[in-house]
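Undergrad: So here's input_19.csv (CSV, C-alpha atoms and all ligand atoms).
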```csv
chain,number,residue,atom,x,y,z
F,1,MET,CA,-59.6,-80.5,-51.8
F,2,ARG,CA,-59.7,-84.2,-52.0
F,3,SER,CA,-63.4,-84.2,-52.8
F,4,TYR,CA,-63.0,-81.4,-55.2
F,5,VAL,CA,-60.6,-83.5,-57.3
F,6,ARG,CA,-62.7,-86.7,-56.9
F,7,ASN,CA,-65.9,-84.9,-57.9
F,8,ILE,CA,-64.9,-83.1,-61.1
F,9,LYS,CA,-68.1,-82.1,-62.8
F,10,LYS,CA,-69.2,-84.5,-65.6
F,11,ARG,CA,-69.3,-82.8,-69.0
F,12,PRO,CA,-70.7,-84.8,-71.9
F,13,ASP,CA,-68.2,-83.5,-74.4
F,14,VAL,CA,-65.2,-83.8,-72.1
F,15,PRO,CA,-65.4,-87.0,-70.1
F,16,PHE,CA,-61.8,-86.6,-68.8
F,17,PHE,CA,-59.5,-83.6,-68.2
F,18,ASN,CA,-56.2,-84.3,-70.0
F,19,CYS,CA,-53.0,-82.9,-68.5
F,20,LEU,CA,-49.7,-83.3,-70.2
F,21,LEU,CA,-46.5,-83.5,-68.0
F,22,ILE,CA,-43.3,-82.4,-69.7
F,23,GLY,CA,-39.9,-82.6,-68.1
F,24,GLN,CA,-36.6,-84.3,-68.2
F,25,ILE,CA,-36.0,-87.8,-66.9
F,26,ALA,CA,-35.8,-88.0,-63.1
F,27,ASN,CA,-37.5,-84.7,-62.5
F,28,GLY,CA,-40.4,-86.5,-60.7
F,29,LYS,CA,-43.2,-86.9,-63.2
F,30,THR,CA,-44.0,-90.5,-62.3
F,31,SER,CA,-43.5,-89.7,-58.6
F,32,PHE,CA,-46.0,-86.9,-58.8
F,33,ILE,CA,-48.7,-89.2,-60.4
F,34,ASN,CA,-48.1,-91.8,-57.7
F,35,SER,CA,-48.3,-89.1,-55.0
F,36,ALA,CA,-51.6,-87.9,-56.6
F,37,VAL,CA,-53.0,-91.4,-56.4
F,38,THR,CA,-51.9,-91.8,-52.8
F,39,ALA,CA,-53.4,-88.4,-51.8
F,40,ILE,CA,-56.7,-88.9,-53.6
F,41,ALA,CA,-57.2,-92.5,-52.4
F,42,ASP,CA,-56.7,-91.6,-48.8
F,43,GLU,CA,-56.3,-95.2,-47.7
F,44,GLY,CA,-53.7,-94.6,-45.1
F,45,ARG,CA,-51.0,-96.2,-47.2
F,46,ARG,CA,-48.8,-95.3,-50.1
F,47,LYS,CA,-49.9,-96.2,-53.6
F,48,SER,CA,-47.5,-96.6,-56.5
F,49,PRO,CA,-49.3,-97.8,-59.6
F,50,PHE,CA,-46.5,-96.5,-61.9
F,51,THR,CA,-42.9,-97.5,-61.7
F,52,VAL,CA,-40.3,-95.0,-60.5
F,53,TYR,CA,-36.9,-95.8,-61.9
F,54,SER,CA,-33.6,-94.9,-60.2
F,55,ARG,CA,-31.6,-92.3,-62.1
F,56,GLY,CA,-30.6,-93.4,-65.5
F,57,LYS,CA,-32.3,-96.8,-65.4
F,58,GLU,CA,-35.4,-95.8,-67.4
F,59,SER,CA,-35.6,-97.2,-70.9
F,60,THR,CA,-34.5,-94.9,-73.6
F,61,THR,CA,-37.6,-95.5,-75.8
F,62,LYS,CA,-39.7,-92.4,-75.8
F,63,THR,CA,-43.4,-93.1,-75.5
F,64,LEU,CA,-46.6,-91.2,-74.9
F,65,CYS,CA,-48.1,-92.8,-71.8
F,66,LEU,CA,-51.6,-92.4,-70.6
F,67,CYS,CA,-51.6,-92.5,-66.7
F,68,PRO,CA,-55.2,-92.7,-65.4
F,69,LEU,CA,-55.6,-92.0,-61.7
F,70,LEU,CA,-57.3,-95.2,-60.6
F,71,VAL,CA,-58.3,-94.8,-57.0
F,72,ASN,CA,-60.2,-98.0,-56.6
F,73,GLU,CA,-61.9,-100.6,-58.9
F,74,ASP,CA,-64.9,-98.5,-59.7
F,75,GLU,CA,-63.5,-95.0,-59.4
F,76,ASP,CA,-61.4,-93.5,-62.1
F,77,VAL,CA,-60.7,-89.8,-61.3
F,78,ARG,CA,-61.8,-87.6,-64.2
F,79,LEU,CA,-58.3,-86.0,-64.4
F,80,ARG,CA,-55.8,-87.9,-66.5
F,81,PHE,CA,-52.1,-87.4,-66.9
F,82,TYR,CA,-50.1,-88.0,-70.0
F,83,ASP,CA,-46.4,-88.6,-69.6
F,84,CYS,CA,-43.8,-88.3,-72.3
F,85,ARG,CA,-41.8,-91.2,-70.9
F,86,GLY,CA,-38.0,-91.3,-71.6
F,87,LEU,CA,-37.7,-87.6,-72.4
F,88,HIS,CA,-34.1,-86.7,-71.6
F,89,ASP,CA,-34.5,-83.1,-72.6
F,90,ILE,CA,-37.2,-81.1,-74.2
F,91,GLU,CA,-35.1,-81.0,-77.4
F,92,SER,CA,-35.3,-84.8,-77.6
F,93,LEU,CA,-38.8,-84.4,-79.0
F,94,TRP,CA,-39.7,-82.6,-82.2
F,95,PHE,CA,-41.6,-79.4,-81.7
F,96,ASP,CA,-44.2,-80.8,-84.1
F,97,ASP,CA,-44.7,-83.9,-82.1
F,98,ILE,CA,-45.2,-81.9,-78.9
F,99,MET,CA,-47.8,-79.8,-80.6
F,100,ASN,CA,-49.4,-82.9,-82.1
F,101,ILE,CA,-49.8,-84.4,-78.6
F,102,ILE,CA,-51.3,-81.1,-77.3
F,103,ASN,CA,-53.7,-80.9,-80.2
F,104,GLY,CA,-54.8,-84.5,-79.7
F,105,HIS,CA,-53.3,-86.0,-82.8
F,106,ILE,CA,-51.1,-88.6,-81.1
F,107,LEU,CA,-52.6,-91.8,-79.6
F,108,PRO,CA,-51.2,-93.0,-76.2
F,109,GLY,CA,-48.7,-95.7,-76.7
F,110,TYR,CA,-47.0,-94.0,-79.7
F,111,GLU,CA,-43.3,-94.4,-79.7
F,112,PHE,CA,-41.6,-91.2,-80.8
F,113,ASP,CA,-39.1,-91.4,-83.6
F,114,SER,CA,-36.1,-89.2,-83.0
F,115,ASN,CA,-35.5,-89.0,-86.8
F,116,THR,CA,-38.9,-87.6,-87.8
F,117,PRO,CA,-42.1,-86.2,-86.3
F,118,ILE,CA,-45.2,-88.4,-86.7
F,119,THR,CA,-46.8,-88.3,-90.2
F,120,LYS,CA,-50.6,-88.0,-90.9
F,121,GLU,CA,-50.5,-91.5,-92.4
F,122,HIS,CA,-49.2,-93.1,-89.2
F,123,GLU,CA,-51.7,-95.5,-87.6
F,124,MET,CA,-51.2,-93.7,-84.2
F,125,TYR,CA,-52.1,-90.4,-85.8
F,126,ARG,CA,-55.6,-89.2,-84.9
F,127,LYS,CA,-56.9,-87.3,-87.9
F,128,ASP,CA,-59.8,-85.5,-86.4
F,129,PRO,CA,-59.3,-84.9,-82.7
F,130,LYS,CA,-62.2,-83.6,-80.6
F,131,LEU,CA,-61.9,-81.3,-77.5
F,132,ALA,CA,-62.0,-84.5,-75.4
F,133,ASP,CA,-58.8,-85.8,-77.1
F,134,LYS,CA,-56.8,-82.7,-76.7
F,135,MET,CA,-54.6,-81.6,-73.8
F,136,HIS,CA,-56.4,-79.2,-71.5
F,137,CYS,CA,-53.3,-78.2,-69.5
F,138,VAL,CA,-49.6,-78.5,-69.8
F,139,VAL,CA,-47.4,-78.9,-66.7
F,140,TYR,CA,-43.7,-78.4,-67.0
F,141,VAL,CA,-42.1,-80.5,-64.3
F,142,ILE,CA,-38.9,-78.9,-63.1
F,143,ASN,CA,-36.5,-80.1,-60.4
F,144,ALA,CA,-36.3,-77.2,-58.0
F,145,THR,CA,-32.8,-78.0,-57.0
F,146,ALA,CA,-31.5,-77.8,-60.6
F,147,PRO,CA,-33.8,-75.6,-62.5
F,148,LYS,CA,-31.3,-74.6,-65.1
F,149,GLU,CA,-31.0,-78.2,-66.3
F,150,ALA,CA,-34.5,-77.9,-67.6
F,151,LEU,CA,-33.5,-75.8,-70.5
F,152,ALA,CA,-29.9,-76.4,-70.6
F,153,THR,CA,-29.3,-75.9,-74.4
F,154,LYS,CA,-30.2,-73.3,-76.9
F,155,THR,CA,-32.5,-75.7,-78.8
F,156,ALA,CA,-34.3,-76.7,-75.6
F,157,GLU,CA,-34.8,-73.1,-74.8
F,158,GLU,CA,-36.1,-72.3,-78.2
F,159,THR,CA,-38.5,-75.2,-78.3
F,160,PHE,CA,-39.8,-74.3,-74.9
F,161,GLU,CA,-40.4,-70.7,-76.0
F,162,LYS,CA,-42.2,-71.9,-79.1
F,163,ILE,CA,-44.5,-74.1,-77.1
F,164,ARG,CA,-45.1,-71.4,-74.6
F,165,GLN,CA,-46.1,-69.0,-77.3
F,166,GLU,CA,-48.4,-71.5,-79.1
F,167,LEU,CA,-50.2,-72.4,-75.8
F,168,THR,CA,-50.5,-68.7,-74.8
F,169,LYS,CA,-52.2,-68.1,-78.2
F,170,SER,CA,-54.8,-70.8,-77.6
F,171,ASN,CA,-55.2,-70.1,-73.9
F,172,ILE,CA,-54.3,-73.6,-72.8
F,173,PRO,CA,-53.2,-73.3,-69.2
F,174,GLN,CA,-49.5,-73.8,-68.5
F,175,LEU,CA,-48.2,-74.5,-65.0
F,176,ILE,CA,-44.9,-75.4,-63.5
F,177,LEU,CA,-44.5,-78.1,-60.9
F,178,MET,CA,-41.4,-77.4,-58.9
F,179,THR,CA,-40.5,-80.8,-57.5
F,180,LYS,CA,-38.0,-81.9,-54.9
F,181,VAL,CA,-38.6,-78.7,-52.8
F,182,ASP,CA,-38.1,-81.0,-49.8
F,183,ASN,CA,-34.4,-81.3,-50.8
F,184,PHE,CA,-33.7,-77.7,-50.2
F,185,HIS,CA,-33.3,-78.0,-46.4
F,186,LYS,CA,-33.3,-80.9,-44.0
F,187,ASN,CA,-35.9,-78.9,-41.9
F,188,PHE,CA,-38.3,-79.3,-44.7
F,189,GLN,CA,-38.2,-83.0,-44.5
F,190,GLU,CA,-39.3,-82.8,-40.8
F,191,ASP,CA,-41.9,-80.1,-41.4
F,192,LEU,CA,-43.0,-79.5,-44.9
F,193,GLU,CA,-45.0,-76.4,-44.0
F,194,LYS,CA,-41.8,-74.5,-43.6
F,195,ILE,CA,-41.5,-74.3,-47.4
F,196,PHE,CA,-44.2,-71.6,-47.4
F,197,TYR,CA,-42.2,-69.4,-45.0
F,198,SER,CA,-38.8,-69.8,-46.6
F,199,ASN,CA,-37.2,-66.9,-48.4
F,200,TYR,CA,-35.0,-69.2,-50.3
F,201,VAL,CA,-38.0,-71.2,-51.7
F,202,LYS,CA,-39.6,-67.9,-52.6
F,203,MET,CA,-36.5,-66.7,-54.4
F,204,MET,CA,-36.2,-70.0,-56.4
F,205,ARG,CA,-39.9,-69.8,-57.3
F,206,ASP,CA,-39.4,-66.2,-58.6
F,207,PHE,CA,-36.3,-67.4,-60.4
F,208,ILE,CA,-38.2,-70.2,-62.1
F,209,ALA,CA,-41.1,-67.9,-63.0
F,210,GLN,CA,-38.7,-65.4,-64.6
F,211,TYR,CA,-36.7,-68.2,-66.3
F,212,THR,CA,-39.8,-69.7,-68.0
F,213,SER,CA,-41.5,-66.3,-68.6
F,214,LEU,CA,-44.6,-67.4,-66.7
F,215,THR,CA,-46.1,-65.6,-63.8
F,216,LYS,CA,-45.3,-66.6,-60.2
F,217,ASP,CA,-48.8,-67.9,-59.5
F,218,ARG,CA,-48.2,-70.5,-62.2
F,219,VAL,CA,-45.4,-72.1,-60.2
F,220,LEU,CA,-46.5,-74.8,-57.8
F,221,LEU,CA,-44.3,-76.2,-55.1
F,222,GLN,CA,-44.2,-80.0,-54.8
F,223,ALA,CA,-42.6,-82.6,-52.6
F,224,ASN,CA,-43.4,-86.1,-53.9
F,225,TYR,CA,-43.3,-89.3,-52.0
F,226,CYS,CA,-39.9,-90.9,-52.6
F,227,GLY,CA,-38.6,-93.9,-50.8
F,228,GLU,CA,-40.6,-93.5,-47.6
F,229,THR,CA,-43.2,-96.2,-46.8
F,230,SER,CA,-45.5,-94.2,-44.5
F,231,ILE,CA,-48.1,-91.6,-45.2
F,232,SER,CA,-47.3,-87.9,-44.9
F,233,PRO,CA,-50.4,-85.7,-44.4
F,234,GLN,CA,-48.4,-82.7,-45.3
F,235,LYS,CA,-47.3,-84.2,-48.7
F,236,ASP,CA,-50.9,-85.3,-49.3
F,237,PHE,CA,-52.1,-81.7,-48.6
F,238,LEU,CA,-49.5,-80.2,-50.9
F,239,THR,CA,-50.3,-82.7,-53.7
F,240,LEU,CA,-54.0,-82.1,-53.4
F,241,TYR,CA,-53.5,-78.3,-53.4
F,242,ASN,CA,-51.6,-78.6,-56.6
F,243,LEU,CA,-54.1,-81.0,-58.2
F,244,GLN,CA,-56.8,-78.5,-57.3
F,245,LYS,CA,-54.9,-75.7,-59.1
F,246,ILE,CA,-54.6,-77.9,-62.2
F,247,VAL,CA,-58.3,-78.8,-62.2
F,248,GLU,CA,-59.3,-75.2,-61.6
F,249,SER,CA,-57.3,-74.0,-64.5
F,250,ILE,CA,-58.7,-76.7,-66.8
F,251,GLU,CA,-62.3,-75.8,-65.8
F,252,ASP,CA,-61.6,-72.2,-66.6
F,253,TYR,CA,-60.1,-73.2,-70.0
F,254,ILE,CA,-62.9,-75.6,-70.9
F,255,LYS,CA,-65.5,-72.9,-70.1
F,256,TYR,CA,-63.6,-70.5,-72.3
F,257,VAL,CA,-63.5,-72.9,-75.2
F,258,LEU,CA,-67.1,-73.9,-75.0
F,259,MET,CA,-68.2,-70.3,-74.8
F,260,LYS,CA,-66.2,-69.4,-77.9
F,261,ASP,CA,-67.8,-72.2,-80.0
U,301,LIG,N1,-36.6,-85.7,-52.6
U,301,LIG,C1,-37.4,-85.9,-53.6
U,301,LIG,N2,-37.1,-86.8,-54.5
U,301,LIG,C2,-38.0,-87.0,-55.6
U,301,LIG,C3,-39.1,-86.2,-55.8
U,301,LIG,N3,-39.8,-86.5,-56.9
U,301,LIG,C4,-39.1,-87.5,-57.4
U,301,LIG,N4,-38.0,-87.8,-56.6
U,301,LIG,C5,-37.0,-88.9,-56.9
U,301,LIG,O1,-36.4,-88.6,-58.2
U,301,LIG,C6,-36.2,-89.8,-58.9
U,301,LIG,C7,-36.8,-89.7,-60.3
U,301,LIG,O2,-38.2,-89.6,-60.1
U,301,LIG,P1,-39.3,-90.1,-61.3
U,301,LIG,O3,-40.6,-89.9,-60.7
U,301,LIG,O4,-39.0,-91.5,-61.8
U,301,LIG,O5,-39.0,-89.0,-62.4
U,301,LIG,P2,-39.5,-89.0,-63.9
U,301,LIG,O6,-38.4,-89.6,-64.8
U,301,LIG,O7,-39.7,-87.6,-64.2
U,301,LIG,O8,-40.8,-89.8,-64.0
U,301,LIG,C8,-36.6,-90.9,-58.1
U,301,LIG,O9,-35.5,-91.5,-57.4
U,301,LIG,C9,-37.6,-90.2,-57.1
U,301,LIG,O10,-37.7,-90.9,-55.8
U,301,LIG,C10,-39.4,-85.1,-54.8
U,301,LIG,O11,-40.3,-84.4,-54.8
U,301,LIG,N5,-38.5,-85.1,-53.7
U,302,MG,MG,-41.2,-91.4,-65.2
```
In structure tokens, how does this file's structure come out?
Ligand SMILES: Nc1nc2c(ncn2[C@@H]2O[C@H](COP(=O)(O)OP(=O)(O)O)[C@@H](O)[C@H]2O)c(=O)[nH]1
Ligand SMILES: [Mg+2]

TA:
Amino acid sequence: MRSYVRNIKKRPDVPFFNCLLIGQIANGKTSFINSAVTAIADEGRRKSPFTVYSRGKESTTKTLCLCPLLVNEDEDVRLRFYDCRGLHDIESLWFDDIMNIINGHILPGYEFDSNTPITKEHEMYRKDPKLADKMHCVVYVINATAPKEALATKTAEETFEKIRQELTKSNIPQLILMTKVDNFHKNFQEDLEKIFYSNYVKMMRDFIAQYTSLTKDRVLLQANYCGETSISPQKDFLTLYNLQKIVESIEDYIKYVLMKD
């Protein structure tokens, strides 16, 4: 799985696979990216290129951040994450802004304006995005222990539903990363494999699938590194498994788009 992610096939028109992470603050987006770098690098130590803030300490500015998976000086994995940093709730972004990110119109570094979506005249607005500039996958990052917080208000629910429908129309893969699964039971912290045999985890996964109207196979179980200093082969395995699922869905999507053109 590690080499699968490291050796994503080079395509001239799509040098990088772009994956957008959407989710509330503190749901584990940054921790997932750091866990991905650790698992891919396989250096026997934890890697944390991106800062994980303790709850509530993250700045309130909302920015679109490009997070490349830099494994070492001369290896940049061909999967890239985009993180809407500072997002308290899905409703704190305009639906138009979310669709503009997905369609490749917004340049990384853009600071979202809560009063208005980006305009076509803005210097951070890309007028003519190519396939390489667009998002090829959207991952909703949901805290497994508090899934209902993800869509707590009517507006958040409606925005989510609109995004889901738009993406379904254009066949852009949508996945759910159910983070903090390790928090369900203290046994899981000792032996993470137990999550695969737990009826409770299965029930929560079914609940999240139903809640988001996506199919069960779209829901990925994740336990990020958090706090510990040593390596966990089980966490690396789970992270690589989820990365492989993301890459596979992007490959299928790109093939579909190129075939259509
Ligand atoms: N137990 C556990 N804690 C996590 C997990 N993912 C993130 N955290 C913790 O949740 C908090 C917020 O994580 P962060 O990655 O900054 O969330 P973000 O705001 O979505 O980027 C931090 O204290 C992390 O250590 C996980 O999978 N399991
Ligand atoms: Mg973050």

Undergrad: Do you know which residues are within 6 Å of ligand LIG 301 (chain U) using all atoms listed in the file? Can you write them as a list in words?

TA: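 My answer, listing the contacting residues, is Ile25, Ala26, Asn27, Gly28, Lys29, Thr30, Ser31, Val52, Tyr53, Ser54, Thr179, Lys180, Asp182, Asn183, Gln222, Ala223, Asn224, Cys226 and Gly227 of chain F.
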
Undergrad: F:Lys62, F:Arg78, F:Arg46, F:Lys10: which is nearest ligand MG 302 (chain U), counting all atoms listed in the file?

TA: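 Between F:Lys62, F:Arg78, F:Arg46, F:Lys10, the residue approaching ligand MG 302 (chain U) most closely is F:Lys62.
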
Undergrad: Using only C-alpha atoms, which residues sit within 12 Å of Arg164 (chain F) once same-chain residues fewer than 5 positions away are excluded, as a PyMOL selection string?

TA: chain F and resi 95+98-99+102+137-140+157-159+169-176+212-214

Undergrad: What separation in Å, quoted to one decimal, exists between CA of His122 (chain F) and CA of Thr63 (chain F)?

TA: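 Between CA of His122 (chain F) and CA of Thr63 (chain F) the gap works out to 14.9 Å.
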
Undergrad: Residues near Cys19 (chain F), anyone? I mean within 9 Å using all atoms listed in the file, not counting same-chain ones fewer than 6 positions away, as a list in words.

TA: Leu79, Arg80, Phe81, Tyr82, Asp83, Met135, His136, Cys137, Val138, Val139, Ile246 and Ile250 of chain F

Undergrad: Please, could you write that set of residues out with C-alpha atoms as an mmCIF file, in the frame of the given file?

TA:
```
data_model
loop_
_atom_site.group_PDB
_atom_site.id
_atom_site.type_symbol
_atom_site.label_atom_id
_atom_site.label_comp_id
_atom_site.auth_asym_id
_atom_site.auth_seq_id
_atom_site.Cartn_x
_atom_site.Cartn_y
_atom_site.Cartn_z
ATOM 1 C CA LEU F 79 -58.300 -86.000 -64.400
ATOM 2 C CA ARG F 80 -55.800 -87.900 -66.500
ATOM 3 C CA PHE F 81 -52.100 -87.400 -66.900
ATOM 4 C CA TYR F 82 -50.100 -88.000 -70.000
ATOM 5 C CA ASP F 83 -46.400 -88.600 -69.600
ATOM 6 C CA MET F 135 -54.600 -81.600 -73.800
ATOM 7 C CA HIS F 136 -56.400 -79.200 -71.500
ATOM 8 C CA CYS F 137 -53.300 -78.200 -69.500
ATOM 9 C CA VAL F 138 -49.600 -78.500 -69.800
ATOM 10 C CA VAL F 139 -47.400 -78.900 -66.700
ATOM 11 C CA ILE F 246 -54.600 -77.900 -62.200
ATOM 12 C CA ILE F 250 -58.700 -76.700 -66.800
#
```

Undergrad: Rank nothing, just name the residue among F:Arg11, F:Met1, F:Arg85, F:Thr61 nearest to ligand MG 302 (chain U), using only C-alpha atoms and all ligand atoms.

TA: F:Arg85

Undergrad: For a quick check of understanding, using only C-alpha atoms and all ligand atoms, which of F:Asp74, F:Lys120, F:Asp133, F:Val141 has the smallest distance to ligand MG 302 (chain U)?

TA: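 For ligand MG 302 (chain U), the nearest of the candidates is F:Val141.
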
Undergrad: Restricting the calculation to all atoms listed in the file: of F:Ala36, F:Ala156, F:Met124, F:Cys67, which residue gets closest to ligand MG 302 (chain U)?

TA: F:Cys67

Undergrad: From the set F:Asn18, F:Leu177, F:Thr119, F:Phe188, which residue has the shortest atom-to-atom contact distance to Gly104 (chain F), counting only C-alpha atoms?

TA: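 Among the listed residues, F:Asn18 lies closest to Gly104 (chain F).
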
Undergrad: Ranking F:Phe112, F:Phe32, F:Tyr200, F:Tyr225 by minimum distance to ligand MG 302 (chain U) and counting only C-alpha atoms and all ligand atoms, which one comes first?

TA: F:Phe32

Undergrad: Write out as a list in words the residues lying within 9 Å of Pro147 (chain F), counting all atoms listed in the file and excluding same-chain residues fewer than 3 positions away.

TA: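 Using all atoms listed in the file, the neighbours found are Ile142, Asn143, Ala144, Ala150, Leu151, Met178, Met204, Phe207, Ile208 and Tyr211 of chain F.
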
Undergrad: Edge lengths and centre in Å to one decimal, as lines of an AutoDock Vina configuration file, of the axis-aligned box that encloses all listed atoms of region 207-210 of chain F with 3 Å added on every side?

TA:
```
center_x = -38.7
center_y = -67.8
center_z = -62.5
size_x = 10.8
size_y = 10.8
size_z = 10.2
```

Undergrad: Near Asp236 (chain F), counting only C-alpha atoms, which residues have an atom at most 8 Å away, once you skip same-chain residues fewer than 5 positions from it, shown as a list in words?

TA: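 Those residues are Ser35, Ala36, Thr38 and Ala39 of chain F.
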
Undergrad: Using CA of Glu248 (chain F) and CA of Val14 (chain F) as the two end points, give the distance in Å to one decimal.

TA: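 Separating CA of Glu248 (chain F) from CA of Val14 (chain F) is a distance of 14.8 Å.
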